[in-house]
Each structure stands twice: as C-alpha cells, then as structure tokens.
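A.B. asks: Sharing my_file-v5.cif below, mmCIF, C-alpha atoms:
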data_coords
loop_
_atom_site.label_atom_id
_atom_site.label_comp_id
_atom_site.auth_asym_id
_atom_site.auth_seq_id
_atom_site.Cartn_x
_atom_site.Cartn_y
_atom_site.Cartn_z
CA MET A 27 21.84 6.88 -29.83
CA LEU A 28 24.48 4.52 -31.16
CA ILE A 29 21.97 3.05 -33.60
CA ARG A 30 21.10 6.51 -34.85
CA LYS A 31 24.81 7.26 -35.43
CA ILE A 32 25.25 4.03 -37.35
CA VAL A 33 22.19 4.76 -39.48
CA VAL A 34 23.51 8.24 -40.27
CA ALA A 35 26.91 6.81 -41.14
CA VAL A 36 25.39 4.18 -43.41
CA LEU A 37 23.19 6.77 -45.11
CA LEU A 38 26.18 9.06 -45.65
CA ALA A 39 28.23 6.22 -47.07
CA ALA A 40 25.37 5.22 -49.37
CA SER A 41 24.83 8.74 -50.66
CA TYR A 42 28.56 9.17 -51.22
CA THR A 43 28.74 5.94 -53.22
CA MET A 44 25.71 6.95 -55.25
CA ALA A 45 27.11 10.39 -55.99
CA PHE A 46 30.37 8.82 -57.05
CA ALA A 47 28.73 6.19 -59.21
CA ALA A 48 26.57 8.84 -60.84
CA GLU A 49 29.70 10.54 -62.18
CA ARG A 50 30.64 7.61 -64.36
CA THR A 51 29.11 7.26 -67.80
CA PRO A 52 27.18 4.02 -68.33
CA ALA A 53 28.90 1.74 -70.82
CA PRO A 54 27.13 1.26 -74.15
CA LYS A 55 25.33 -2.08 -74.12
CA ASP A 56 27.25 -4.95 -75.77
CA ALA A 57 30.19 -2.67 -76.61
CA VAL A 58 33.49 -4.45 -77.30
CA VAL A 59 36.90 -2.80 -77.43
CA TYR A 60 39.66 -4.73 -79.16
CA ILE A 61 42.97 -4.34 -80.92
CA VAL A 62 42.39 -5.01 -84.63
CA TRP A 63 46.13 -5.02 -85.35
CA PRO A 64 48.78 -6.07 -84.36
CA SER A 65 47.80 -9.57 -83.31
CA ASP A 66 48.93 -11.05 -80.02
CA GLY A 67 52.51 -12.29 -80.34
CA ALA A 68 53.33 -10.20 -83.44
CA VAL A 69 56.97 -9.41 -84.15
CA ILE A 70 57.44 -5.77 -85.14
CA ARG A 71 60.76 -5.06 -86.83
CA GLY A 72 62.08 -1.55 -86.24
CA GLY A 73 59.61 -0.82 -83.45
CA LYS A 74 57.40 1.38 -85.65
CA LEU A 75 53.78 0.49 -86.24
CA TRP A 76 50.19 1.66 -86.58
CA VAL A 77 47.94 0.19 -83.91
CA ARG A 78 44.39 -0.17 -85.25
CA MET A 79 41.87 0.40 -82.48
CA GLY A 80 38.61 -1.53 -82.79
CA LEU A 81 35.22 -0.76 -81.26
CA ARG A 82 31.96 -2.65 -81.76
CA ASN A 83 28.44 -1.63 -80.83
CA ALA A 84 29.51 1.86 -79.79
CA GLY A 85 30.84 5.02 -81.41
CA VAL A 86 33.91 7.22 -81.16
CA ALA A 87 33.57 10.82 -80.03
CA PRO A 88 36.39 13.28 -79.30
CA LYS A 89 37.08 14.40 -75.73
CA GLY A 90 34.58 16.96 -74.52
CA VAL A 91 31.85 15.58 -76.78
CA CYS A 92 29.48 13.92 -74.32
CA MET A 93 27.08 11.79 -76.34
CA PRO A 94 25.42 8.52 -75.30
CA ASN A 95 27.07 5.29 -76.43
CA THR A 96 30.39 6.91 -77.31
CA GLY A 97 33.88 7.27 -75.92
CA HIS A 98 37.46 7.77 -77.04
CA HIS A 99 40.38 5.38 -77.16
CA HIS A 100 43.34 5.18 -74.75
CA LEU A 101 46.30 2.96 -75.50
CA LEU A 102 48.12 1.49 -72.51
CA ILE A 103 51.73 0.53 -73.21
CA ASP A 104 53.68 -1.69 -70.81
CA THR A 105 51.33 -0.98 -67.94
CA VAL A 106 48.29 -2.45 -66.22
CA LEU A 107 44.79 -0.99 -66.14
CA PRO A 108 44.56 2.27 -64.14
CA PRO A 109 41.87 2.93 -61.48
CA PHE A 110 38.44 3.02 -63.16
CA ASP A 111 36.88 5.75 -61.03
CA GLU A 112 39.15 8.59 -62.05
CA GLU A 113 40.66 10.21 -65.15
CA ILE A 114 43.05 7.98 -67.06
CA PRO A 115 46.61 9.30 -66.56
CA SER A 116 48.23 10.98 -69.55
CA ASP A 117 51.86 9.98 -70.03
CA ARG A 118 54.07 7.84 -72.25
CA GLN A 119 52.36 4.68 -71.03
CA HIS A 120 48.81 6.02 -71.30
CA LEU A 121 48.24 7.58 -74.72
CA HIS A 122 45.02 9.57 -75.14
CA PHE A 123 43.22 9.83 -78.46
CA GLY A 124 40.94 12.70 -77.60
CA GLY A 125 40.82 13.76 -81.24
CA GLY A 126 38.65 10.73 -81.98
CA GLN A 127 41.51 8.86 -83.68
CA THR A 128 41.07 5.17 -84.42
CA GLU A 129 44.71 4.40 -85.22
CA ALA A 130 47.79 5.09 -83.13
CA ARG A 131 51.26 5.56 -84.59
CA LEU A 132 54.05 4.20 -82.38
CA GLU A 133 57.59 5.08 -83.41
CA ASP A 134 59.91 4.54 -80.49
CA LEU A 135 59.35 1.07 -79.08
CA ALA A 136 62.67 -0.23 -77.80
CA PRO A 137 63.79 -3.78 -78.64
CA GLY A 138 62.16 -6.32 -76.32
CA LYS A 139 58.68 -7.41 -75.32
CA HIS A 140 55.89 -4.85 -74.93
CA THR A 141 52.27 -5.06 -73.87
CA LEU A 142 49.42 -3.14 -75.50
CA GLN A 143 45.89 -2.74 -74.16
CA LEU A 144 43.02 -0.42 -75.02
CA LEU A 145 40.73 1.29 -72.53
CA LEU A 146 37.78 3.39 -73.66
CA ALA A 147 36.82 6.46 -71.66
CA ASP A 148 34.03 8.99 -71.69
CA CYS A 149 34.19 12.66 -72.69
CA ASN A 150 35.99 13.42 -69.41
CA HIS A 151 38.64 10.66 -69.77
CA VAL A 152 36.98 8.52 -67.08
CA PRO A 153 36.33 4.84 -67.93
CA HIS A 154 32.71 3.79 -68.40
CA ASP A 155 30.68 1.79 -65.90
CA PRO A 156 31.38 -1.10 -66.35
CA PRO A 157 34.78 -0.28 -67.92
CA LEU A 158 35.38 -1.18 -71.57
CA TYR A 159 38.86 -2.51 -72.21
CA SER A 160 40.52 -4.92 -74.61
CA LYS A 161 42.55 -8.02 -73.94
CA MET A 162 46.20 -7.19 -73.24
CA ILE A 163 48.44 -8.34 -76.07
CA THR A 164 52.21 -8.80 -76.19
CA ILE A 165 54.37 -7.82 -79.14
CA THR A 166 58.10 -8.27 -79.63
CA VAL A 167 60.52 -5.80 -81.17
CA PRO A 168 63.65 -7.71 -82.23
CA PRO A 169 67.10 -6.13 -81.66
CA TYR A 170 67.79 -3.50 -84.34
CA MET B 28 20.84 43.09 -126.06
CA LYS B 29 21.77 45.32 -123.18
CA THR B 30 19.16 43.58 -121.05
CA MET B 31 20.52 40.20 -121.97
CA THR B 32 24.05 41.21 -121.00
CA ARG B 33 22.75 42.53 -117.75
CA ASN B 34 20.85 39.29 -117.16
CA THR B 35 23.93 37.26 -117.94
CA THR B 36 26.00 39.39 -115.59
CA ALA B 37 23.42 39.01 -112.87
CA CYS B 38 23.33 35.28 -113.47
CA LEU B 39 27.10 35.00 -113.28
CA ALA B 40 27.24 37.12 -110.16
CA THR B 41 24.60 34.94 -108.52
CA ALA B 42 26.46 31.79 -109.56
CA LEU B 43 29.71 33.16 -108.16
CA LEU B 44 28.03 34.22 -104.94
CA PHE B 45 26.38 30.82 -104.62
CA SER B 46 29.58 28.86 -105.22
CA GLY B 47 31.32 31.17 -102.72
CA ILE B 48 28.73 30.31 -100.11
CA ALA B 49 28.85 26.61 -100.94
CA ALA B 50 32.65 26.55 -100.66
CA ALA B 51 32.56 28.44 -97.36
CA ASP B 52 30.20 25.83 -95.98
CA ARG B 53 32.63 22.98 -96.45
CA THR B 54 34.85 21.89 -93.56
CA PRO B 55 38.58 21.85 -94.29
CA ALA B 56 40.13 18.36 -94.29
CA PRO B 57 43.19 17.72 -92.14
CA GLU B 58 46.42 17.45 -94.09
CA ASN B 59 47.45 13.84 -94.88
CA ALA B 60 44.08 12.40 -93.90
CA TYR B 61 43.97 8.84 -95.19
CA LEU B 62 40.79 6.79 -95.40
CA TYR B 63 40.65 3.14 -96.42
CA VAL B 64 38.51 0.03 -96.17
CA GLY B 65 40.51 -2.00 -93.65
CA TRP B 66 38.54 -5.17 -94.34
CA PRO B 67 37.43 -6.86 -96.60
CA ASN B 68 40.38 -6.78 -99.00
CA ASP B 69 40.05 -5.89 -102.66
CA GLY B 70 38.92 -9.03 -104.50
CA GLU B 71 37.83 -10.80 -101.30
CA VAL B 72 35.28 -13.58 -101.70
CA VAL B 73 32.58 -13.31 -99.05
CA PRO B 74 29.89 -15.93 -98.30
CA ALA B 75 26.40 -14.95 -99.50
CA ASN B 76 23.47 -14.32 -97.17
CA GLN B 77 25.74 -14.14 -94.20
CA PRO B 78 26.64 -10.91 -92.43
CA PHE B 79 30.28 -9.87 -92.73
CA ARG B 80 32.24 -7.15 -91.02
CA VAL B 81 33.53 -4.02 -92.73
CA TRP B 82 36.29 -2.22 -90.88
CA PHE B 83 36.84 1.52 -91.47
CA GLY B 84 40.47 2.68 -91.50
CA LEU B 85 41.32 6.32 -90.88
CA ARG B 86 44.70 7.96 -90.27
CA ASN B 87 45.68 11.50 -89.37
CA MET B 88 42.07 12.38 -88.66
CA GLY B 89 39.49 11.61 -85.95
CA VAL B 90 35.93 10.40 -85.73
CA ALA B 91 33.12 12.47 -84.23
CA PRO B 92 29.38 11.77 -84.24
CA LYS B 93 27.11 13.87 -86.46
CA GLY B 94 26.38 17.26 -84.99
CA ALA B 95 29.73 17.43 -83.14
CA ASN B 96 31.68 20.21 -84.84
CA VAL B 97 35.27 19.39 -83.81
CA PRO B 98 38.25 20.34 -86.05
CA ASN B 99 39.95 17.50 -87.97
CA THR B 100 37.08 15.07 -87.49
CA GLY B 101 34.20 13.63 -89.44
CA HIS B 102 32.06 10.53 -89.56
CA HIS B 103 32.15 7.56 -91.88
CA HIS B 104 29.83 6.88 -94.81
CA LEU B 105 29.93 3.54 -96.60
CA LEU B 106 29.11 3.61 -100.30
CA ILE B 107 27.85 0.27 -101.61
CA ASP B 108 27.63 -0.34 -105.36
CA THR B 109 27.70 3.34 -106.21
CA ASP B 110 30.08 6.11 -107.30
CA LEU B 111 31.09 9.11 -105.21
CA PRO B 112 28.15 11.48 -104.63
CA PRO B 113 28.41 15.23 -105.38
CA LEU B 114 31.13 16.53 -103.05
CA ASP B 115 29.58 19.91 -102.27
CA GLN B 116 26.34 18.76 -100.67
CA GLU B 117 25.00 16.38 -98.01
CA ILE B 118 25.78 12.75 -98.71
CA PRO B 119 22.50 10.98 -99.60
CA SER B 120 21.12 8.55 -97.06
CA ASP B 121 19.79 5.36 -98.63
CA ARG B 122 20.65 1.69 -99.19
CA ASN B 123 23.73 2.65 -101.20
CA HIS B 124 24.94 5.40 -98.85
CA ILE B 125 25.09 4.21 -95.26
CA HIS B 126 25.70 6.88 -92.60
CA PHE B 127 27.55 6.21 -89.36
CA GLY B 128 26.54 9.33 -87.51
CA ALA B 129 26.99 7.74 -84.09
CA GLY B 130 30.76 7.61 -84.61
CA GLN B 131 30.93 3.91 -85.49
CA THR B 132 34.23 2.65 -86.87
CA GLU B 133 33.03 -0.67 -88.23
CA THR B 134 29.80 -2.30 -89.34
CA THR B 135 28.27 -5.60 -90.39
CA ILE B 136 26.51 -5.89 -93.75
CA GLU B 137 24.88 -8.61 -95.78
CA LEU B 138 24.83 -8.57 -99.60
CA PRO B 139 23.14 -10.74 -102.23
CA PRO B 140 25.33 -12.96 -104.44
CA GLY B 141 27.26 -11.09 -107.11
CA THR B 142 29.99 -8.52 -107.57
CA HIS B 143 29.81 -5.51 -105.27
CA THR B 144 31.84 -2.39 -104.60
CA LEU B 145 32.65 -0.77 -101.26
CA GLN B 146 34.04 2.72 -100.75
CA LEU B 147 34.25 5.05 -97.76
CA ILE B 148 33.85 8.81 -97.65
CA MET B 149 34.04 11.09 -94.62
CA GLY B 150 31.33 13.65 -94.03
CA ASP B 151 31.56 16.57 -91.62
CA TYR B 152 29.11 17.16 -88.75
CA ASN B 153 26.52 18.18 -91.38
CA HIS B 154 27.17 15.09 -93.61
CA VAL B 155 28.92 17.22 -96.25
CA PRO B 156 32.30 15.94 -97.57
CA HIS B 157 35.38 17.88 -96.48
CA ASP B 158 37.45 20.19 -98.66
CA PRO B 159 39.40 18.48 -100.15
CA PRO B 160 37.15 15.39 -99.82
CA VAL B 161 38.46 12.44 -97.81
CA TYR B 162 37.51 9.18 -99.50
CA SER B 163 38.96 5.71 -99.86
CA ARG B 164 39.87 3.66 -102.89
CA LYS B 165 36.90 1.67 -104.16
CA LYS B 166 37.16 -2.06 -103.49
CA THR B 167 35.44 -4.85 -105.40
CA ILE B 168 34.28 -7.94 -103.55
CA TYR B 169 32.64 -11.13 -104.72
CA VAL B 170 29.69 -12.49 -102.78
CA ARG B 171 29.07 -16.19 -103.43
#
So, in terms of structure tokens, how does the structure I just supplied come out?
C.D. replies:
Amino acid sequence: MLIRKIVVAVLLAASYTMAFAAERTPAPKDAVVYIVWPSDGAVIRGGKLWVRMGLRNAGVAPKGVCMPNTGHHHLLIDTVLPPFDEEIPSDRQHLHFGGGQTEARLEDLAPGKHTLQLLLADCNHVPHDPPLYSKMITITVPPY
Amino acid sequence: MKTMTRNTTACLATALLFSGIAAADRTPAPENAYLYVGWPNDGEVVPANQPFRVWFGLRNMGVAPKGANVPNTGHHHLLIDTDLPPLDQEIPSDRNHIHFGAGQTETTIELPPGTHTLQLIMGDYNHVPHDPPVYSRKKTIYVR
C-alpha cells in the first residue's frame, strides 16, 4: 500500500515536471546572446547611451510571434537573472523589447556603477530552455 | 484619333490604378527608423578568404521574421556589390541580395580579394521595402 502511494506520488511529480518543462521553448542550437556595445568597464558620460543587443545563430521575433529559433531581447539593469521558469518581470530593471528592437536607448542612468545583462525570451516572455543570457557587464556614469 | 485618345485614357487609368494598388501594398515605415551597417566600418580592410562578421544596426524599429506582419518591423537584407533594387517590389534573392527572413541581426560572409560594397535595406513580411524605404548608407570595404 505504501509502495503504491510512493509510486503514485513519483508518477505525479514526474508528470508535473514534464508538463512544466514542456511549456518552455527549446533554445536555438548554438545561439549566443551578447552585448555588442558598450564594452565591459565603459565610462558613459551623461548617462545616456544606446545599448546594442547582439544575437548569433538565432533570430529576433516580436512578442506574440512564436517561431522556432527566435526570441526577443530583455535588458536587465542593476539586477540579477530572474527565475527562468516564468515570465520575465517588466519594470525599470527589466526592460522588454517585444517590438523586436535590437538597440535600447537608456537616458536616465544616475552617476555611479551600473550592471547590464541581456536575457532572451520566447514569444510569451519566458526564457528558453536552456536560458540564453549574456555576460553581465559593468559601466560607470561619472558625476555630472 | 478618337480611338487613340480612348486607348491612351484607358492606359493612363490602368497605370494609375496599378500604381495605386502597388502603393497600397507597401508597409508604412516607422518614423525616424534608422538602419546602418554596425560593422565593418566604411573603408575597413578585411582579410581575404576568411569569414568576417557583419552587424546590422537598427534604431526606432524592430525585427520580425518573414511572414510575421507586425507594425513597425521588418527583416534585414544585405546588398553586396549592388545598388538599391526597385523599391516597390520584392527584393531579389541571390548572391548580391541576401535575405535574413529568420530575424537574424548579424551574419558572417566571405568575399574574394578586391573592393566591395555593403548596404542594408529592410523588407516587410513580404520582402517588399517599406514606404518610405528604410536603407543604410552604402559602405566600401577592401578585402586583401
């Protein structure tokens, strides 16, 4: 009786995991997400810049356009990677580029050090499996 | 004489009708859309018989794969050693007109020694340039 319960529990857990995993879009093979510009350690006077978002071996598609081997960019500012199994938050630290943009204009970075990191997500804003993200870089905005 | 006038009128009417249809077919370009070859630079010397990366720069507009009809988007076309194609029809697809219908934002190409030109033009989901067309400045590179 106990064994049967355990088996049922294990089966339930397995099916739950599978259902969950099935929701995530497989990552395009060999895809690389990276920040083309600025470079790590760059000094940005005035705190205004265009961030160029780079993607290799995959394509960009706007949100809602679910096509294989595509995704759209998300720029993480002064924050760490969010959970990979749910929608990426949308706030001042998680900028969504659901219009298929490949450059991000930042205009209000305060003086000090800031981190930038890119995370690609599928048509539903959920990271791919495995997730595709860039190295985190640090830039410095000198005092105005 | 009367017949000829009538023929001319019919001809003109047909031409007008046709241009009306052609114009209606073209996708409006977003205001301030700016397309440029991010790399290589104009005048760059690139090693021969060795693949090099071409980075596509796009501001105030997004990328969408072919077939995805999303406002303010398009996909990249790289023109190699050729002038702009007719702007009111599908961009040709050959060795001089490379399509990036999967939403790619960069590519790797290899060119024989000599002087070459690179230029980008956006096409809509049907590969037709926008109205007004969104294209980059033409860059000259030297392959040695």
A.B. asks: Starting from chain B, keep only residues with some atom at most 7 Å from an atom of chain A, counting all atoms listed in the file, and report them as a ChimeraX atom specification.
C.D. replies: /B:85-86,88-92,95,129-133
A.B. asks: Could you list the residues chosen by the PyMOL selection byres ((chain B and resi 69-83) around 12) in this structure as a PyMOL selection string?
C.D. replies: (chain A and resi 62-63+78-82+127-129) or (chain B and resi 61-68+84-86+89-90+102-107+127+130-149+162-171)
A.B. asks: In Å, with one decimal, what is the gap from CA of Ala57 in chain A to CA of Pro156 in chain B?
C.D. replies: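 Computed distance, CA of Ala57 in chain A to CA of Pro156 in chain B, equals 28.1 Å.
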A.B. asks: Would you write out, as number ranges by chain, every residue that the PyMOL selection byres ((chain A and resi 134-138) around 9) captures in this file?
C.D. replies: A: 71-74, 132-133, 139-140, 165-170
A.B. asks: Could you jot down the CA of Arg122 in chain B to CA of Asn96 in chain B separation for me, Å, one decimal place?
C.D. replies: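 Distance between the two atoms: 25.9 Å.
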A.B. asks: Could you state the separation of CA of Gly150 in chain B and CA of Ile118 in chain B in Å, given to one decimal place?
C.D. replies: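 About the pair CA of Gly150 in chain B and CA of Ile118 in chain B: they are 7.3 Å apart.
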A.B. asks: Could you state which residues are captured by the PyMOL selection byres ((chain A and resi 120) around 10) in this file, as a PDB file with C-alpha atoms, keeping the file's coordinate frame?
C.D. replies:
ATOM      1  CA  HIS A 100      43.340   5.180 -74.750  1.00  0.00           C
ATOM      2  CA  LEU A 101      46.300   2.960 -75.500  1.00  0.00           C
ATOM      3  CA  LEU A 102      48.120   1.490 -72.510  1.00  0.00           C
ATOM      4  CA  ILE A 103      51.730   0.530 -73.210  1.00  0.00           C
ATOM      5  CA  ASP A 104      53.680  -1.690 -70.810  1.00  0.00           C
ATOM      6  CA  THR A 105      51.330  -0.980 -67.940  1.00  0.00           C
ATOM      7  CA  VAL A 106      48.290  -2.450 -66.220  1.00  0.00           C
ATOM      8  CA  LEU A 107      44.790  -0.990 -66.140  1.00  0.00           C
ATOM      9  CA  PRO A 108      44.560   2.270 -64.140  1.00  0.00           C
ATOM     10  CA  ILE A 114      43.050   7.980 -67.060  1.00  0.00           C
ATOM     11  CA  PRO A 115      46.610   9.300 -66.560  1.00  0.00           C
ATOM     12  CA  SER A 116      48.230  10.980 -69.550  1.00  0.00           C
ATOM     13  CA  ASP A 117      51.860   9.980 -70.030  1.00  0.00           C
ATOM     14  CA  ARG A 118      54.070   7.840 -72.250  1.00  0.00           C
ATOM     15  CA  GLN A 119      52.360   4.680 -71.030  1.00  0.00           C
ATOM     16  CA  LEU A 121      48.240   7.580 -74.720  1.00  0.00           C
ATOM     17  CA  HIS A 122      45.020   9.570 -75.140  1.00  0.00           C
ATOM     18  CA  PHE A 123      43.220   9.830 -78.460  1.00  0.00           C
ATOM     19  CA  GLN A 143      45.890  -2.740 -74.160  1.00  0.00           C
ATOM     20  CA  LEU A 144      43.020  -0.420 -75.020  1.00  0.00           C
ATOM     21  CA  LEU A 145      40.730   1.290 -72.530  1.00  0.00           C
TER      22      LEU A 145
END
A.B. asks: Neighbours of range 51-59 of chain B within 6 Å (only C-alpha atoms; same-chain residues fewer than 4 positions away dropped), as a ChimeraX atom specification?
C.D. replies: /B:99,157-159
A.B. asks: Considering only C-alpha atoms, can you say which of A:Lys161, A:His151, A:Pro109, A:Leu146 comes closest to Ala53 in chain A?
C.D. replies: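 For Ala53 in chain A, the nearest of the given residues is A:Leu146.
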A.B. asks: Could you list, as a PDB file with C-alpha atoms, in the coordinates of the input, every residue within 6 Å of Asp151 in chain B, counting only C-alpha atoms and ignoring same-chain residues fewer than 3 positions away?
C.D. replies:
ATOM      1  CA  GLY B 101      34.200  13.630 -89.440  1.00  0.00           C
ATOM      2  CA  HIS B 154      27.170  15.090 -93.610  1.00  0.00           C
ATOM      3  CA  VAL B 155      28.920  17.220 -96.250  1.00  0.00           C
TER       4      VAL B 155
END
